[in-house]
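A.B. asks: Sharing a structure, written as structure tokens. Questions coming.
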Amino acid sequence: MYTMGPSTREDRSTRSSDVPSTLYSDQFRFRQVIVAATIEGILYGLDSSDGRVIWRRLFGLGWASDRADGRVFPVKMYVLPEKVGHVADDGGKEGTMNQTVVVVTQRRAHNSLVDTVVFEVDPLTGDDVHLLDDGESDTSRSRYGPSERKDMIQGLMIESLIVPDGQGTVAMLDDFLQVQLYPDTPATCASLARLAPLLQLVLPTRTSSTLSPGSDNDASTRTQLVGHRLAFNDNVSTVQVVYPTWRIVLGPGETIWETIRNGKDVGQGLSLGKVLGDRRRLYKYLNRHLKVVLTEVKGTVAQTGLEESLGTMCGLYVLDSVEGTVLYRVRLPAPERRCDDVRAALVDHWLVYAYFEDGTDAGGDGTKGWRIVSVEMYEGKKPDDVTRSLELSSYSNSATDITTYEQAYLIPYGVTALSTTSTRLGVTLKI
């Protein structure tokens with residue numbers, strides 16, 4: 001979702017006829033613009049209050065447009081902060097723009113060639129965003145026709161992230177583990193070089209496993225989680241490259257379903273602890289490098305009564321992306337042998353996940369239904385223990401000295417999405 005701000009620009013050819021010409025936000029900013037990209041190559045701007053279409057754009061195919069079967073598939077979407085540039089609507093006037101949306105896509109041509117392209121638009125109008133470089137002519141960028149793209153990688157993109165430089169720089173990793181930047185300017189390259197020691201990437205890989213003689217296990221590979229750091233070596237490349245620092249080998253038949261990062265601004269504007277009834281205090285475990293990894297484990301042994309059968313389980317890990325230490329893990333049931341019903345969110349010291357319990361645990365005596373689990377992580381082994389986790393290095397011996405408190409709740413309905421809230425006037429509260 002993206003904040004909907006005041007706007008008086010109107011274009012009946014690109015808007016629904018019943019959408020007001022002026023967009024406005026309510027006092028608490030509950031009303032926002034939802035930007036959605038589809039596999040059909042269409043980008044939509046929707047009003048969150050009623051779901052009406054504000055604008056729609058097609059992804060431009062570029063050199064693949066002369067073939068009928070060229071396609072553009074969205075991969076990642078980011079909200080970028082305010083910056084200097086222009087949205088061409090009246091000749092291209094330079095100024096300070098509001099938040100913009102960057103969509104990272106894969107373009108596939110008829111001959112199976114794949115490359116990575118980036119689109120940047122104004123979420124209020126759908127206009128193409130064009131940043132002015134030194135010495136560049138001020139040409140108009142129209143909202144009419146397919147959205148203009150920026151070719152970034154001649155091949156697949158492995159991973160992408162936002163560089164924490166405050167300018168909304170997008171870093172993309174290519175097949176050669178080289179980092180490509182959008183926008184690629186001397187200023188963004190300098191920012192990446194300055195922040196490279198602080199950045200970590202966690203990438204899944206596959207590795208061959210050694211089977212013992214006579215083993216009938218046909219699984220020849222295992223999934224690994226590999227942590228990476230950035231470095232610059234002018235003997236290898238003219239850009240930043242990543243190199244592995246740690247790895248975790250998952251179990252047989254276990255594959256990665258989803259990776260979730262910690263929420264923004266860890267520890268900002270929050271109390272650092274919770275006071276108990278006896279006046280002792282629990283201090284929050286605040287680690288901005290935490291990640292949640294959801295996995296699917298096929299071929300596990302499930303016991304029902306006196307019989308054992310091969311089934312599917314879901315896995316959830318919370319790990320430190322700097323050192324690769326697993327701080328919390330749990331196995332969850334997989335109804336119908338699928339893990340797409342598991343939802344999780346992590347912000348500050350608080351993990352929440354939801355799943356469906358099929359009632360087959362404990363010899364079939366479990367309660368069938370949806371569960372939502374709240375996990376809070378605190379410093380030390382007991383109340384009043386302090387490790388200053390927000391300032392602590394991940395390589396410290398105290399970095400893994402934590403205590404978790406869990407509470408599970410039965411809920412009468414399924415969970416299709418799970419996220420934390422943030423409002424301008426603090427209507428909601430994270431404790």
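Going through the structure tokens in order, the chains are called A, B, and so on, while each chain numbers its residues from 1 and the ligands are numbered from 1 in the order shown.
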Please provide as a ChimeraX atom specification all residues within 8 Å of Met77 of chain A, with the sequence filter that same-chain residues fewer than 4 positions apart are discarded (counting only C-alpha atoms).

C.D. replies: /A:101-104

A.B. asks: With N, CA, C and O atoms retained, could you export that selection as a PDB file, in the first residue's frame?

C.D. replies:
ATOM      1  N   VAL A 101       7.029   4.320  -6.895  1.00  0.00           N
ATOM      2  CA  VAL A 101       7.000   2.863  -6.847  1.00  0.00           C
ATOM      3  C   VAL A 101       7.920   2.312  -7.926  1.00  0.00           C
ATOM      4  O   VAL A 101       7.831   2.710  -9.093  1.00  0.00           O
ATOM      5  N   VAL A 102       8.808   1.412  -7.523  1.00  0.00           N
ATOM      6  CA  VAL A 102       9.691   0.718  -8.460  1.00  0.00           C
ATOM      7  C   VAL A 102       9.243  -0.733  -8.566  1.00  0.00           C
ATOM      8  O   VAL A 102       9.066  -1.405  -7.541  1.00  0.00           O
ATOM      9  N   VAL A 103       9.045  -1.206  -9.786  1.00  0.00           N
ATOM     10  CA  VAL A 103       8.671  -2.592 -10.036  1.00  0.00           C
ATOM     11  C   VAL A 103       9.816  -3.261 -10.784  1.00  0.00           C
ATOM     12  O   VAL A 103      10.181  -2.835 -11.881  1.00  0.00           O
ATOM     13  N   VAL A 104      10.403  -4.290 -10.177  1.00  0.00           N
ATOM     14  CA  VAL A 104      11.462  -5.077 -10.812  1.00  0.00           C
ATOM     15  C   VAL A 104      10.802  -6.263 -11.500  1.00  0.00           C
ATOM     16  O   VAL A 104      10.037  -7.016 -10.875  1.00  0.00           O
TER      17      VAL A 104
END

A.B. asks: Contacts of Tyr182 of chain A at 8 Å or less, counting only C-alpha atoms, minus same-chain residues fewer than 6 places along, as a ChimeraX atom specification?

C.D. replies: /A:152,169-171

A.B. asks: Applying 7 Å and only C-alpha atoms, which residues near Gly41 of chain A remain after dropping the ones on its own chain fewer than 2 positions away? List them as a list in words.

C.D. replies: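 The residues that qualify are Thr38, Ile39, Leu43, Leu58, Phe59, Arg71, Val72 and Phe73 of chain A.
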
A.B. asks: I need the residue nearest Pro335 of chain A from this list: A:Gly315, A:Gly359, A:Gly273, A:Gly126. Use only C-alpha atoms for the distance.

C.D. replies: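 Result for the nearest residue to Pro335 of chain A: A:Gly359.
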
A.B. asks: What gap, in Å, lies between atom CA of Leu201 of chain A and atom CA of Pro164 of chain A?

C.D. replies: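 The value is 13.5 Å.
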
A.B. asks: When distances are computed from only C-alpha atoms, which of A:Leu272, A:Val236, A:Ile158, A:Thr221 shows the smallest separation from Gly251 of chain A?

C.D. replies: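 Checking each candidate against Gly251 of chain A, we get A:Thr221 as the closest.
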
A.B. asks: Could you jot down the atom CA of Ala399 of chain A to atom CA of Glu323 of chain A separation for me, Å, one decimal place?

C.D. replies: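 So the two atoms, atom CA of Ala399 of chain A and atom CA of Glu323 of chain A, lie 10.1 Å apart.
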
A.B. asks: Can you work out which one of A:Ala193, A:Met172, A:Arg56, A:Asp151 has the shortest atom-to-atom distance to Thr125 of chain A, counting only C-alpha atoms?

C.D. replies: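 Of A:Ala193, A:Met172, A:Arg56, A:Asp151, the one nearest Thr125 of chain A is A:Arg56, counting only C-alpha atoms.
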
A.B. asks: Could you state the separation of atom CA of His349 of chain A and atom CA of Asp320 of chain A in Å, given to one decimal place?

C.D. replies: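 So the two atoms, atom CA of His349 of chain A and atom CA of Asp320 of chain A, lie 12.6 Å apart.
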
A.B. asks: If you count only C-alpha atoms, which residues fall within 8 Å of Thr259 of chain A, apart from same-chain ones fewer than 5 positions away, as a PyMOL selection string?

C.D. replies: chain A and resi 291-294

A.B. asks: Take the selection from the previous step and output its residues with N, CA, C and O atoms, as a compact mmCIF listing (two decimals), in the first residue's frame.

C.D. replies:
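Saved file selection05.txt follows:
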# COMPACT_ATOMS: atom_id res chain seq x y z
N LYS A 291 15.69 -12.57 10.36
CA LYS A 291 14.87 -12.97 9.21
C LYS A 291 14.06 -14.21 9.59
O LYS A 291 14.51 -15.03 10.38
N VAL A 292 12.88 -14.30 8.99
CA VAL A 292 12.03 -15.48 9.15
C VAL A 292 12.09 -16.28 7.85
O VAL A 292 11.93 -15.71 6.76
N VAL A 293 12.32 -17.57 7.97
CA VAL A 293 12.37 -18.45 6.80
C VAL A 293 11.29 -19.51 6.97
O VAL A 293 11.28 -20.24 7.97
N LEU A 294 10.38 -19.59 6.01
CA LEU A 294 9.34 -20.62 5.98
C LEU A 294 9.75 -21.71 5.00
O LEU A 294 10.17 -21.42 3.88
